[in-house]
Amino acid sequence: MVETMKIATERVKKSRISEVDFSNIPFGKIYTDHMFMADYKNGEWKNFRIMPYGYMPISPATPALHYGQAIFEGMKAYKNPEGEALVFRPLDNWKRLNISGERLCMPPLPEELFMESLSALIDLDRAWIPDTAGASLYIRPFIFSADEYIGIKPSDDFTFMIILCPVGSYYSTPVKVRIETHYTRAAQGGTGYAKAGGNYAAAIYPAKLAQAKGYHQLLWTDGKNHEYIEESGTMNVMFVIDGTLVTPALSDSILAGITRDSVLQLARKWGMKVEERKISVKELIEGIESGKVTEVFGAGTAATIAHIELIGYNDKDYYLPPVEQRTFSNKVYAELEGIKRGQKPDPFGWIVKM
Ligand code: COI
C-alpha cells in the first residue's frame, strides 16, 4: 500500500508554455513543465515527487534498458467550457496498467497512488491542456524496473512516472494500412495483451518496411497462420460489415483498448448489432470487393477514431468507401469527442474531473 500520499513538489522557476504554438501541436514532441515520479523499494511505493520535466539519472544496468521490462499507458485530458480538466476513463487505464504489470512481474500500483499523482500533476500543469479542436493533453504513465542488476530475474525495484504532452492528431489524414502476413506482433502466450514497451519495439521494423511502401501502419494478423485480423500498430481495428459492427474478439495477443470498449458500448446503446469475433483476412478482402464492408477504422487513445482509407494485401490495394459516407464512424467520433470535452452527456460515467 501507499504509506502516505504526500507529494513533494518542486515547481519550475519559469514555465515554458509561452514557447508553445497551440495552434499547431505535433503529436508527442512537447512536454509540460512538470513530471511525477515514485519509487518501489523494499516492497513499497514511496518518494512521491513532482519535479520539473527533464532528464534524470539512471543506472546503466537498469533492466528496463536491457530487457525491456517496461510498461505504459496512454490517456487523454480535455478542457470543458468551464476550464475544468476532464480525464477520460483513467480508472480503466489504471486497471490495465496493473494487468500489464502482472505479466511483467511488477508490483501492483494502488489506485490511490495512480489517481492522486495524476490529479496533482494535472492540477499543476492545467494551463497546458489545449482547448483547440482535435487537440488534448496526452498523459503517459509508465513503470520500469529499476534494479541495478543485469541478470534475468523479477526485479525488486521499480520507478513509476507520469509525463504530460499537449498533442494534436496522431494521424492527420485517413490511414493506409497493409495486412502483415510474415512478421508477428504477438504470439499466443506472449505479451500482446499487455501494454509492454517490447511489443512496440518489435513492431517498428515490420512497420518501417510497410512505411517505405507508402503505408502508415500494419494490420497485424495472428502469429500462427496469419489468417485472422488482430489489431493495428497503434490502435484496435473495427469494421462495419452489412450494417454490423465487427471487431476481433480480445485474446492474449490483442490489447484491450479503452477506446475500443467505448465504441462498443456506444454502438450497443444505439441498438447497433455488434460482434466481437474472429475475422479472417479472406472475409475482409471479399467483403471489401463485394461492397459489404462499408467502414474500417482504428480506435485508440492517441489515434482516437482513425478512418482507414485503404488496405494493402498481397501487393494489391483495396480502397474503402469515402470518409464522408461513413455514418457510424463519423457519428461515434463526434459522440466521443463531445463526451470527452464535456459538450455531450456522459451516460457511462467515463469522465473524471480533476
Ligand atoms: C495510445 O493510443 O495511447 C498508445 O499507446 C499508442 C501509442 C503507441 C502512441
# chains A, B, ... in the order shown; residues from 1 in each chain; ligands from 1

$ residues_near_ligand --ligand "ligand 1" --cutoff "10 Å" --atoms "only C-alpha atoms and all ligand atoms" --output "ChimeraX atom specification"
/A:27-28,72-76,93,138-140,170,195-197,199-200,233-236,257-259,299-304

$ closest_atom_pairs --of "range 145-249 of chain A" --to "range 280-296 of chain A" --cutoff "6 Å" --atoms "only C-alpha atoms" --output "JSON lines"
{"residue": "A:Glu227", "atom": "CA", "partner": "A:Ser280", "partner_atom": "CA", "distance": 5.7}
{"residue": "A:Tyr228", "atom": "CA", "partner": "A:Ser280", "partner_atom": "CA", "distance": 4.1}
{"residue": "A:Ile229", "atom": "CA", "partner": "A:Ser280", "partner_atom": "CA", "distance": 5.9}
{"residue": "A:Met238", "atom": "CA", "partner": "A:Val296", "partner_atom": "CA", "distance": 5.8}
{"residue": "A:Phe239", "atom": "CA", "partner": "A:Val296", "partner_atom": "CA", "distance": 4.5}
{"residue": "A:Val240", "atom": "CA", "partner": "A:Glu295", "partner_atom": "CA", "distance": 5.0}
{"residue": "A:Ile241", "atom": "CA", "partner": "A:Val293", "partner_atom": "CA", "distance": 4.4}
{"residue": "A:Asp242", "atom": "CA", "partner": "A:Lys292", "partner_atom": "CA", "distance": 5.2}

$ write_last_selection --atoms "N, CA, C and O atoms" --output "PDB file, in the first residue's frame"
ATOM      1  N   GLU A 227      -3.887 -15.667 -40.500  1.00  0.00           N
ATOM      2  CA  GLU A 227      -5.180 -15.869 -41.164  1.00  0.00           C
ATOM      3  C   GLU A 227      -6.233 -14.879 -40.669  1.00  0.00           C
ATOM      4  O   GLU A 227      -7.123 -14.485 -41.407  1.00  0.00           O
ATOM      5  N   TYR A 228      -6.134 -14.506 -39.393  1.00  0.00           N
ATOM      6  CA  TYR A 228      -7.155 -13.648 -38.780  1.00  0.00           C
ATOM      7  C   TYR A 228      -6.576 -12.278 -38.427  1.00  0.00           C
ATOM      8  O   TYR A 228      -5.432 -12.174 -37.976  1.00  0.00           O
ATOM      9  N   ILE A 229      -7.406 -11.249 -38.571  1.00  0.00           N
ATOM     10  CA  ILE A 229      -7.005  -9.881 -38.229  1.00  0.00           C
ATOM     11  C   ILE A 229      -6.924  -9.738 -36.706  1.00  0.00           C
ATOM     12  O   ILE A 229      -7.800 -10.229 -35.992  1.00  0.00           O
ATOM     13  N   MET A 238     -11.707  -1.863 -36.294  1.00  0.00           N
ATOM     14  CA  MET A 238     -13.139  -2.177 -36.304  1.00  0.00           C
ATOM     15  C   MET A 238     -13.683  -2.045 -37.723  1.00  0.00           C
ATOM     16  O   MET A 238     -13.166  -1.256 -38.509  1.00  0.00           O
ATOM     17  N   PHE A 239     -14.727  -2.817 -37.991  1.00  0.00           N
ATOM     18  CA  PHE A 239     -15.300  -2.861 -39.347  1.00  0.00           C
ATOM     19  C   PHE A 239     -16.815  -2.731 -39.259  1.00  0.00           C
ATOM     20  O   PHE A 239     -17.417  -3.248 -38.320  1.00  0.00           O
ATOM     21  N   VAL A 240     -17.403  -2.076 -40.242  1.00  0.00           N
ATOM     22  CA  VAL A 240     -18.859  -2.167 -40.383  1.00  0.00           C
ATOM     23  C   VAL A 240     -19.098  -3.065 -41.588  1.00  0.00           C
ATOM     24  O   VAL A 240     -18.658  -2.760 -42.712  1.00  0.00           O
ATOM     25  N   ILE A 241     -19.725  -4.223 -41.309  1.00  0.00           N
ATOM     26  CA  ILE A 241     -19.962  -5.205 -42.369  1.00  0.00           C
ATOM     27  C   ILE A 241     -21.473  -5.459 -42.429  1.00  0.00           C
ATOM     28  O   ILE A 241     -22.052  -5.924 -41.437  1.00  0.00           O
ATOM     29  N   ASP A 242     -22.069  -5.129 -43.550  1.00  0.00           N
ATOM     30  CA  ASP A 242     -23.521  -5.319 -43.692  1.00  0.00           C
ATOM     31  C   ASP A 242     -24.296  -4.661 -42.545  1.00  0.00           C
ATOM     32  O   ASP A 242     -25.254  -5.250 -42.015  1.00  0.00           O
TER      33      ASP A 242
END

$ closest_residue --among "A:Phe297, A:Phe88, A:Phe22, A:Phe114" --to "Met37 in chain A" --atoms "only C-alpha atoms"
A:Phe114

$ closest_residue --among "A:Val167, A:Leu255, A:Met51, A:Leu91" --to "Trp128 in chain A" --atoms "only C-alpha atoms"
A:Val167

$ select_by_dssp --residues "range 268-311 of chain A" --states "strand (DSSP E or B)" --output "number ranges by chain"
A: 274-277, 280, 293-300, 304-311

$ closest_residue --among "A:Arg11, A:Ile129, A:Pro154, A:Met354" --to "Ser117 in chain A" --atoms "only C-alpha atoms"
A:Met354

$ residues_around --residues "Gly198 in chain A" --least-positions-apart "5" --cutoff "12 Å" --atoms "only C-alpha atoms" --output "VMD selection string"
chain A and resid 64 to 72 100 104 144 185 to 186 190 to 193 203 to 204

$ write_last_selection --atoms "all heavy atoms" --output "short mmCIF file (atom, residue, chain, number, x, y, z; two decimals), in the first residue's frame"
data_model
loop_
_atom_site.label_atom_id
_atom_site.label_comp_id
_atom_site.auth_asym_id
_atom_site.auth_seq_id
_atom_site.Cartn_x
_atom_site.Cartn_y
_atom_site.Cartn_z
N ALA A 64 15.29 -2.34 -17.44
CA ALA A 64 14.38 -1.79 -18.45
C ALA A 64 15.13 -1.48 -19.74
O ALA A 64 14.60 -1.66 -20.84
CB ALA A 64 13.69 -0.54 -17.92
N LEU A 65 16.38 -1.02 -19.60
CA LEU A 65 17.16 -0.66 -20.79
C LEU A 65 17.65 -1.88 -21.55
O LEU A 65 17.81 -1.87 -22.76
CB LEU A 65 18.38 0.20 -20.40
CG LEU A 65 18.08 1.55 -19.74
CD1 LEU A 65 19.37 2.25 -19.37
CD2 LEU A 65 17.26 2.43 -20.68
N HIS A 66 17.90 -2.96 -20.80
CA HIS A 66 18.48 -4.16 -21.45
C HIS A 66 17.42 -5.14 -21.91
O HIS A 66 17.54 -5.72 -22.98
CB HIS A 66 19.42 -4.86 -20.45
CG HIS A 66 20.56 -4.00 -20.04
ND1 HIS A 66 21.81 -4.08 -20.61
CD2 HIS A 66 20.64 -2.99 -19.13
CE1 HIS A 66 22.61 -3.17 -20.07
NE2 HIS A 66 21.91 -2.50 -19.16
N TYR A 67 16.40 -5.32 -21.08
CA TYR A 67 15.44 -6.41 -21.35
C TYR A 67 14.02 -5.91 -21.60
O TYR A 67 13.10 -6.71 -21.70
CB TYR A 67 15.45 -7.39 -20.17
CG TYR A 67 16.85 -7.82 -19.80
CD1 TYR A 67 17.35 -7.64 -18.52
CD2 TYR A 67 17.69 -8.36 -20.78
CE1 TYR A 67 18.65 -8.01 -18.21
CE2 TYR A 67 19.00 -8.72 -20.47
CZ TYR A 67 19.47 -8.54 -19.19
OH TYR A 67 20.76 -8.87 -18.90
N GLY A 68 13.87 -4.60 -21.63
CA GLY A 68 12.54 -4.06 -21.93
C GLY A 68 11.52 -4.29 -20.84
O GLY A 68 10.33 -4.45 -21.14
N GLN A 69 11.97 -4.33 -19.59
CA GLN A 69 10.99 -4.52 -18.50
C GLN A 69 10.31 -3.19 -18.22
O GLN A 69 10.63 -2.48 -17.26
CB GLN A 69 11.67 -5.09 -17.26
CG GLN A 69 12.11 -6.53 -17.47
CD GLN A 69 13.02 -7.04 -16.38
OE1 GLN A 69 13.23 -6.37 -15.37
NE2 GLN A 69 13.57 -8.21 -16.57
N ALA A 70 9.40 -2.86 -19.08
CA ALA A 70 8.74 -1.56 -19.01
C ALA A 70 7.33 -1.66 -19.56
O ALA A 70 7.11 -2.37 -20.55
CB ALA A 70 9.54 -0.54 -19.82
N ILE A 71 6.41 -0.99 -18.91
CA ILE A 71 5.02 -0.95 -19.38
C ILE A 71 4.55 0.51 -19.36
O ILE A 71 5.15 1.34 -18.68
CB ILE A 71 4.08 -1.80 -18.49
CG1 ILE A 71 4.12 -1.33 -17.03
CG2 ILE A 71 4.44 -3.28 -18.58
CD1 ILE A 71 3.06 -1.98 -16.14
N PHE A 72 3.49 0.77 -20.09
CA PHE A 72 2.99 2.15 -20.12
C PHE A 72 1.49 2.18 -20.36
O PHE A 72 0.88 1.17 -20.67
CB PHE A 72 3.74 2.98 -21.16
CG PHE A 72 3.48 2.58 -22.59
CD1 PHE A 72 2.54 3.26 -23.35
CD2 PHE A 72 4.17 1.54 -23.19
CE1 PHE A 72 2.30 2.91 -24.69
CE2 PHE A 72 3.93 1.18 -24.51
CZ PHE A 72 3.00 1.86 -25.26
N SER A 100 -0.98 -5.33 -17.16
CA SER A 100 0.32 -5.41 -17.84
C SER A 100 1.42 -5.69 -16.82
O SER A 100 2.33 -6.49 -17.06
CB SER A 100 0.64 -4.07 -18.53
OG SER A 100 -0.36 -3.72 -19.44
N LEU A 104 4.46 -8.64 -16.47
CA LEU A 104 5.88 -8.27 -16.48
C LEU A 104 6.51 -8.36 -15.08
O LEU A 104 7.58 -7.81 -14.84
CB LEU A 104 6.05 -6.84 -17.03
CG LEU A 104 6.11 -6.60 -18.55
CD1 LEU A 104 7.49 -6.91 -19.12
CD2 LEU A 104 5.06 -7.34 -19.33
N PHE A 144 8.92 1.18 -14.98
CA PHE A 144 10.04 0.36 -15.46
C PHE A 144 10.81 -0.20 -14.28
O PHE A 144 10.83 0.37 -13.20
CB PHE A 144 10.96 1.14 -16.40
CG PHE A 144 11.57 2.39 -15.82
CD1 PHE A 144 12.81 2.36 -15.20
CD2 PHE A 144 10.90 3.60 -15.92
CE1 PHE A 144 13.38 3.52 -14.69
CE2 PHE A 144 11.47 4.77 -15.41
CZ PHE A 144 12.70 4.72 -14.78
N ARG A 185 3.22 -9.55 -34.49
CA ARG A 185 3.30 -8.60 -33.36
C ARG A 185 3.29 -9.35 -32.04
O ARG A 185 4.06 -9.06 -31.14
CB ARG A 185 2.11 -7.64 -33.39
CG ARG A 185 2.18 -6.53 -32.35
CD ARG A 185 0.87 -5.77 -32.21
NE ARG A 185 -0.01 -6.40 -31.26
CZ ARG A 185 -0.09 -6.10 -29.96
NH1 ARG A 185 0.64 -5.12 -29.47
NH2 ARG A 185 -0.91 -6.75 -29.17
N ALA A 186 2.39 -10.34 -31.93
CA ALA A 186 2.21 -11.01 -30.65
C ALA A 186 1.77 -12.45 -30.89
O ALA A 186 0.87 -12.70 -31.68
CB ALA A 186 1.13 -10.28 -29.86
N GLY A 190 2.12 -14.91 -25.45
CA GLY A 190 3.10 -13.82 -25.32
C GLY A 190 2.55 -12.64 -24.54
O GLY A 190 1.65 -12.79 -23.71
N THR A 191 3.05 -11.46 -24.87
CA THR A 191 2.68 -10.28 -24.08
C THR A 191 1.76 -9.31 -24.85
O THR A 191 1.62 -8.15 -24.47
CB THR A 191 3.94 -9.49 -23.64
OG1 THR A 191 4.67 -9.14 -24.83
CG2 THR A 191 4.82 -10.29 -22.72
N GLY A 192 1.14 -9.81 -25.92
CA GLY A 192 0.35 -8.92 -26.78
C GLY A 192 -0.75 -8.17 -26.07
O GLY A 192 -1.08 -7.04 -26.44
N TYR A 193 -1.36 -8.78 -25.04
CA TYR A 193 -2.47 -8.11 -24.33
C TYR A 193 -1.96 -7.08 -23.33
O TYR A 193 -2.74 -6.29 -22.80
CB TYR A 193 -3.33 -9.14 -23.60
CG TYR A 193 -2.62 -9.79 -22.42
CD1 TYR A 193 -2.79 -9.31 -21.13
CD2 TYR A 193 -1.75 -10.86 -22.62
CE1 TYR A 193 -2.13 -9.89 -20.05
CE2 TYR A 193 -1.08 -11.44 -21.55
CZ TYR A 193 -1.27 -10.95 -20.27
OH TYR A 193 -0.61 -11.51 -19.22
N ALA A 203 7.62 -4.19 -33.24
CA ALA A 203 6.75 -3.86 -34.37
C ALA A 203 7.36 -2.78 -35.27
O ALA A 203 6.87 -2.55 -36.38
CB ALA A 203 5.39 -3.39 -33.85
N ILE A 204 8.40 -2.12 -34.79
CA ILE A 204 8.91 -0.96 -35.55
C ILE A 204 9.48 -1.38 -36.92
O ILE A 204 9.22 -0.74 -37.93
CB ILE A 204 9.96 -0.19 -34.71
CG1 ILE A 204 9.26 0.52 -33.54
CG2 ILE A 204 10.71 0.83 -35.56
CD1 ILE A 204 10.19 1.15 -32.53
#

$ residues_around --residues "Ala8 in chain A" --least-positions-apart "5" --cutoff "8 Å" --atoms "only C-alpha atoms" --output "number ranges by chain"
A: 47-50

$ write_last_selection --atoms "N, CA, C and O atoms" --output "CSV table (one decimal), in the first residue's frame"
chain,number,residue,atom,x,y,z
A,47,ASN,N,8.5,7.9,-1.9
A,47,ASN,CA,9.2,9.0,-2.5
A,47,ASN,C,8.4,9.7,-3.6
A,47,ASN,O,8.8,9.8,-4.8
A,48,PHE,N,7.1,10.0,-3.3
A,48,PHE,CA,6.3,10.6,-4.3
A,48,PHE,C,6.7,12.0,-4.5
A,48,PHE,O,6.8,12.8,-3.6
A,49,ARG,N,7.0,12.4,-5.8
A,49,ARG,CA,7.5,13.7,-6.0
A,49,ARG,C,7.1,14.2,-7.4
A,49,ARG,O,7.0,13.5,-8.4
A,50,ILE,N,6.9,15.5,-7.5
A,50,ILE,CA,6.7,16.2,-8.7
A,50,ILE,C,7.9,17.1,-8.9
A,50,ILE,O,8.3,17.8,-7.9
